[in-house]
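Participant: Quick one: this structure, given as structure tokens, is what I'll be asking you about.
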Amino acid sequence: MGAGDSKLSFKKGVFRLAEEHNIPANDPYWLSFWELPESAEDVFTLFSAADIRRTRDAHLENLETLILALASRLFTLRSHPSFPDPDHAPERDALNCIRILTRVLPFIYERDDLEEWQESFFWSPRRKRSRDSPTVRTEVLFDERNREDETTPQSPAAGEEFESAPPLMEELIDTLIDLLFLSGFTLPQSFSTKAKVSYAIWQSGVGCNTPVGTTKEFESNKIETLRLLLAVVSKAVFMPANILPIKGTRALTYMVTCSDKKIVLSTLCSLLNTTLKYNPASWRVPYDHVVFTDPRQVLVTYCLQLLLVLLLYPVPEGLSNELQAKNNYRHYLGRLHRTQDFQFLVDGMTRVLNQPIQATTSYLPGSQKTIKWAPEMIMLFWESLQCNKRFRSFIIDTNRVHDFVILIIYYALEHRLDPSKSGVVRMCVFVLQTLSTEPKFGMSLNKRFEGQNTLPASVRIPSFSGTYADYLIISIYSLITSSKGKLGAVYPALLAIVANVAPHVKGLSSAASGKLVQLFVSMSAPGFLLANETNHTLLHSLLESLNSIIEHQYSENPNFIYVLLRSHKRFEALRNFTLESGQEEIDRQNRLRKDRSENESQSPPKMPLNEELHVQAQGTGSDTPTPPSQFEIGDDDDSEDEVKHKNQSSAASSGAVASPPQKPRNPSLSSSVEDAVPLQLRGMSEKARGKLPEGSFQRQGSTTSLASHISTNSPATSATGFTPSTAWIETWLPHLPLHTVLILIQQLQPQLRSVSGSGGGAQESNATLMLERIRTTELHGIEPSLVKTHMFEWSPLALGWYESLLWGFIFVSERHVSKGTVGVWNGTAVKLFRVQETAPEGPSLLAPRGGVDAIGTNLIERLGNVSLGRGQSQPQTNVGDHVAIERHPTV
């Protein structure tokens, strides 16, 4: 039979599946499902989603028989002594069984009303014919399931014997795990043992020094098997995020609670080593990915994804009366302790995380293909941190943690404005928070950061000279102020990072100190405090961090103390904050903005075209006021001086780390903090500094809010609908931890005045003298408080978000690894996340479309698109090459 005839016959068989009622189990028709298809593409194209849904909804009994036939054939082949043998137990049969099960299972999972049927069909105990029974056929081994009304087989033939069997899904999972370690199918023949299944670790690394051999055929078979395992456990994709962590999935619970230590360790180490052993830079020829494909990337992708699915899964509580079962994959990852294993983990993770950076900074644009699983690798790093304390200690003690801090900041800043990557940014923030809970981590940040100039432009800080603590704080400031409010949900976590490292930082630079105080200026502004009922909690958290530095590292941070002193009016104004003063300030800012808008419309600022575009790109050139939101913070402030000089100023404080140096802004509240720092640590010349009179950067009266985030609504009600009141302010204002800062100002402000008025010395000399006074002055009335550790706490909501993030990665990745042909979950009604439709990419040099490309797929596409015109299939979501995943829960 030719290739075209076999495809046509297979498609006819698919039609029959949805047309006839109760096709007999002993009909030779079932053999066609594993004998006719020639590739995974054939199965996924010819067995369309509409065909599966039509069969499922109209003839579920045929779908039952199909699954039983496929599973039974797969069980038989796995146990066959000569498998894979082309004549008696062909490999093709096993692969086609795997492919069709992969195709069908997601469409079964998507139907909520089939929940009871799934439980009965997949998880009920069974009875099947014994292998010694004379009626057992090698072609099809059909199982008899125990139902409530059928506990014994009907009309057993003479001499037939039946035996108990585990639930169908349990045996299927066990068989698939065995196939991953089956000689001749996924592993080379082992001459040291006669067993067909040898749980040998695939690659050297953790738990193995000598890799087993492999071939492209073996790797291809591993890919098919791993893909089915992911489909088997993908019931999670069709559950709401708030239910998934509580209810869990039966298949994953069975896999992670496996009590066979050898199976768990072999699977864990094989997946882990294959993932981390991969070197994306092994192809050194530029643009090699245009000509060649690297199938090993597909294997690595599935290994990493299945590994994460196993590691992340929380076993639901209350499944039985026995002791709470544990996730053994997670348990054994936490038991790793050898230095060489940790070194292997660190090297593999950093290699993958570095690759996208190297690809984008290459001298030849597009010469290297960017790997797609960097976010998943961050997830693996986070899991390793959480479940293995020794690993946390290793990376901190060896200073490798600094590499991860820079890499994680890179991914957070790179994706901060991309809504489809908001989950990645949040995860990066939580990883940093997890690291920051270690006191040694905070201490390690005091090391000087020497390699800043080698970083990509998006994370490089112009004229930076400081420690890793300085870099971290400035980056956190940039995440908050340049994300346009998109990261409001993780502002508490970002401030928790600062709070965790604050008691340990030493030698904080003037730039980082200025950013901390600028955050205080922003968060204490009336437009922010009155915008939402809970914004004051962010201010409270930041004040605790400032206090922690003062109480635990006062003498080690003179630059920070100096900045606080120069900004003393901000703190004093907050102490006297009232609802009336706040509303007056908001009204005044609105009037200033209105005047500025009118002036600029009459006389637009003259600037080069490229500078104008830069201002717009950074989000600081708009004059349209934005209503304050719950977590929206900007980094620029308005004052009368700024309105007067705006045409001569620039967007220097846009908050983006990558912003190039701009002209210094004219005196304003946003610049007052930075311009008050010692000269020897800033880029401002002494001549320019000398022209600024003392106190010119201080504003009288109450604090002001940020220009781009003040509402034009009535000051009595914010844009979010919240109405502040005096009684509400009294519930939190007296409890703000201002005591430590105010005592500091009270004791040191006279010193600052005496230094400034000591007589005509240069400003730089005065600053140096003041820094020395700070170092030698002993504070009274300030007692160090207990160091608080702000842990990342898991809740069902957070777990639901985390699992939806992972499965979103898997869903998107499936489009890339399969090139859009074999999309396991394409067109299914997923519930764990939302799929945002995007336009598919058109033809390009890297993806041509034409006569040659069409020849190989023309027949399959025509057959796959055939419709019988009977029944209506459910509407499908056509997802383009670029899929945007928007998570339901907000953490």
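We name chains A, B, ... following the order of the structure tokens; residues begin at 1 in each chain, and ligands are numbered from 1 as shown.
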Can you tell me, as a list in words, what residues are no more than 10 Å from segment 52-58 of chain A when counting only C-alpha atoms, ignoring any on the same chain fewer than 4 positions away?
Facilitator: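 Listed by chain and then number, they are Val14, Phe15, Arg16, Leu17, Ala18, Glu19, Glu20, His21, Phe47, Ser48, Asn62, Leu63, Glu64, Arg103, Val104, Leu105, Phe107, Ile108, Arg111, Leu114, Arg870, Gly871, Gln872, Ser873 and Gln874 of chain A.
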Participant: Please list as a PyMOL selection string every residue within 6 Å of Gly800 of chain A, counting only C-alpha atoms and excluding residues in the same chain fewer than 5 positions away.
Facilitator: chain A and resi 241-242+245
Participant: Smallest atom-to-atom distance to Asn547 of chain A: which of A:Glu438, A:Glu783, A:Asp51, A:Glu91, using only C-alpha atoms?
Facilitator: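 Using only C-alpha atoms, Asn547 of chain A sits closest to A:Glu783.
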Participant: In terms of the shortest atom-to-atom distance over only C-alpha atoms, which of A:Ser164, A:Thr537, A:Gln747, A:Ser765 is closest to Thr731 of chain A?
Facilitator: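 Of all the options, A:Thr537 lies closest to Thr731 of chain A.
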Participant: Within 12 Å of Thr398 of chain A, counting only C-alpha atoms, which residues show up once you throw out same-chain ones fewer than 4 positions away? Write them as a PyMOL selection string, please.
Facilitator: chain A and resi 339+342-343+346+391-394+402-403+440-441+444
Participant: Per DSSP on the backbone, what are the alpha helix (DSSP H) residues of segment 311-553 of chain A, as an MDAnalysis selection string?
Facilitator: chainID A and resid 311:312 328:334 339:360 374:387 389:397 401:414 422:436 439:444 468:481 491:501 510:523 526:529 535:553
Participant: Name the closest residue to Val501 of chain A among the candidates A:Ala531, A:Leu271, A:Ile371, A:Leu435; distances are taken between atoms, counting only C-alpha atoms.
Facilitator: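 Looking at the shortest contact to Val501 of chain A, the residue is A:Leu435.
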Participant: Can you pull out every residue within 9 Å of Lys235 of chain A, counting only C-alpha atoms, but drop anything in the same chain fewer than 2 positions away, and send it as a PDB file with N, CA, C and O atoms, in the first residue's frame?
Facilitator:
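Okay, this is what ended up in out_1.pdb:
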```pdb
ATOM      1  N   LEU A 105      -6.220  11.992  24.422  1.00  0.00           N
ATOM      2  CA  LEU A 105      -6.421  12.256  25.854  1.00  0.00           C
ATOM      3  C   LEU A 105      -6.805  13.698  26.177  1.00  0.00           C
ATOM      4  O   LEU A 105      -7.720  13.915  26.990  1.00  0.00           O
ATOM      5  N   PRO A 106      -6.146  14.727  25.620  1.00  0.00           N
ATOM      6  CA  PRO A 106      -6.551  16.095  25.978  1.00  0.00           C
ATOM      7  C   PRO A 106      -8.010  16.403  25.684  1.00  0.00           C
ATOM      8  O   PRO A 106      -8.650  17.166  26.420  1.00  0.00           O
ATOM      9  N   TYR A 109     -10.059  15.019  28.512  1.00  0.00           N
ATOM     10  CA  TYR A 109      -9.925  15.809  29.732  1.00  0.00           C
ATOM     11  C   TYR A 109     -10.742  17.104  29.688  1.00  0.00           C
ATOM     12  O   TYR A 109     -11.153  17.615  30.735  1.00  0.00           O
ATOM     13  N   GLU A 110     -10.973  17.648  28.503  1.00  0.00           N
ATOM     14  CA  GLU A 110     -11.604  18.966  28.434  1.00  0.00           C
ATOM     15  C   GLU A 110     -13.092  18.929  28.770  1.00  0.00           C
ATOM     16  O   GLU A 110     -13.682  19.977  29.033  1.00  0.00           O
ATOM     17  N   ALA A 231       0.984  14.539  28.108  1.00  0.00           N
ATOM     18  CA  ALA A 231      -0.443  14.542  27.795  1.00  0.00           C
ATOM     19  C   ALA A 231      -1.241  13.818  28.872  1.00  0.00           C
ATOM     20  O   ALA A 231      -2.344  14.242  29.237  1.00  0.00           O
ATOM     21  N   VAL A 232      -0.685  12.733  29.403  1.00  0.00           N
ATOM     22  CA  VAL A 232      -1.371  11.956  30.447  1.00  0.00           C
ATOM     23  C   VAL A 232      -1.610  12.812  31.687  1.00  0.00           C
ATOM     24  O   VAL A 232      -2.675  12.751  32.303  1.00  0.00           O
ATOM     25  N   VAL A 233      -0.603  13.616  32.062  1.00  0.00           N
ATOM     26  CA  VAL A 233      -0.726  14.405  33.297  1.00  0.00           C
ATOM     27  C   VAL A 233      -1.295  15.799  33.031  1.00  0.00           C
ATOM     28  O   VAL A 233      -1.355  16.612  33.956  1.00  0.00           O
ATOM     29  N   VAL A 237      -4.373  21.209  32.902  1.00  0.00           N
ATOM     30  CA  VAL A 237      -4.633  22.308  31.969  1.00  0.00           C
ATOM     31  C   VAL A 237      -6.120  22.610  31.878  1.00  0.00           C
ATOM     32  O   VAL A 237      -6.516  23.732  31.561  1.00  0.00           O
ATOM     33  N   PHE A 238      -6.955  21.650  32.208  1.00  0.00           N
ATOM     34  CA  PHE A 238      -8.396  21.801  32.049  1.00  0.00           C
ATOM     35  C   PHE A 238      -9.098  21.995  33.398  1.00  0.00           C
ATOM     36  O   PHE A 238     -10.283  21.717  33.528  1.00  0.00           O
ATOM     37  N   MET A 239      -8.344  22.494  34.378  1.00  0.00           N
ATOM     38  CA  MET A 239      -8.895  22.791  35.693  1.00  0.00           C
ATOM     39  C   MET A 239      -8.628  24.248  36.029  1.00  0.00           C
ATOM     40  O   MET A 239      -7.568  24.774  35.706  1.00  0.00           O
ATOM     41  N   THR A 249      -4.319  16.178  40.474  1.00  0.00           N
ATOM     42  CA  THR A 249      -4.658  15.256  39.396  1.00  0.00           C
ATOM     43  C   THR A 249      -4.202  13.855  39.769  1.00  0.00           C
ATOM     44  O   THR A 249      -3.110  13.676  40.322  1.00  0.00           O
ATOM     45  N   ARG A 250      -5.017  12.875  39.440  1.00  0.00           N
ATOM     46  CA  ARG A 250      -4.716  11.496  39.836  1.00  0.00           C
ATOM     47  C   ARG A 250      -3.413  11.003  39.222  1.00  0.00           C
ATOM     48  O   ARG A 250      -2.615  10.317  39.870  1.00  0.00           O
ATOM     49  N   ALA A 251      -3.201  11.319  37.939  1.00  0.00           N
ATOM     50  CA  ALA A 251      -2.021  10.803  37.249  1.00  0.00           C
ATOM     51  C   ALA A 251      -0.734  11.331  37.870  1.00  0.00           C
ATOM     52  O   ALA A 251       0.224  10.581  38.090  1.00  0.00           O
TER      53      ALA A 251
END
```
Participant: Which neighbours of segment 32-39 of chain A fall inside 9 Å, counting only C-alpha atoms, when residues of the same chain fewer than 6 positions from it are skipped, and could you give them as JSON, numbers by chain?
Facilitator: {"A": [3, 6, 7, 9, 10, 13, 14, 66, 70, 73, 92, 93, 94, 95, 96, 97, 99, 100]}
Participant: What lies within 12 Å of Ala798 of chain A using only C-alpha atoms, ignoring chain neighbours under 2 positions off, as an MDAnalysis selection string?
Facilitator: chainID A and resid 241:246 314 423 426:427 430 792:796 800:805 887:891
Participant: Please list as a VMD selection string every residue within 12 Å of Leu229 of chain A, counting only C-alpha atoms and excluding residues in the same chain fewer than 3 positions away.
Facilitator: chain A and resid 98 to 99 101 to 103 105 to 106 169 to 170 172 to 180 222 to 226 232 to 235 251 to 252 255 302 to 303 305 to 307 309 to 310 824
Participant: Using only C-alpha atoms, which residue out of A:Thr214, A:Gln836, A:Ser510, A:Asn557 lies closest to Thr186 of chain A?
Facilitator: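 Of A:Thr214, A:Gln836, A:Ser510, A:Asn557, the one nearest Thr186 of chain A, counting only C-alpha atoms, is A:Thr214.
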Participant: Report, in Å with one decimal, the straight-line distance from atom CA of Ser475 of chain A to atom CA of Ser524 of chain A.
Facilitator: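 We find that atom CA of Ser475 of chain A and atom CA of Ser524 of chain A lie 20.5 Å from each other.
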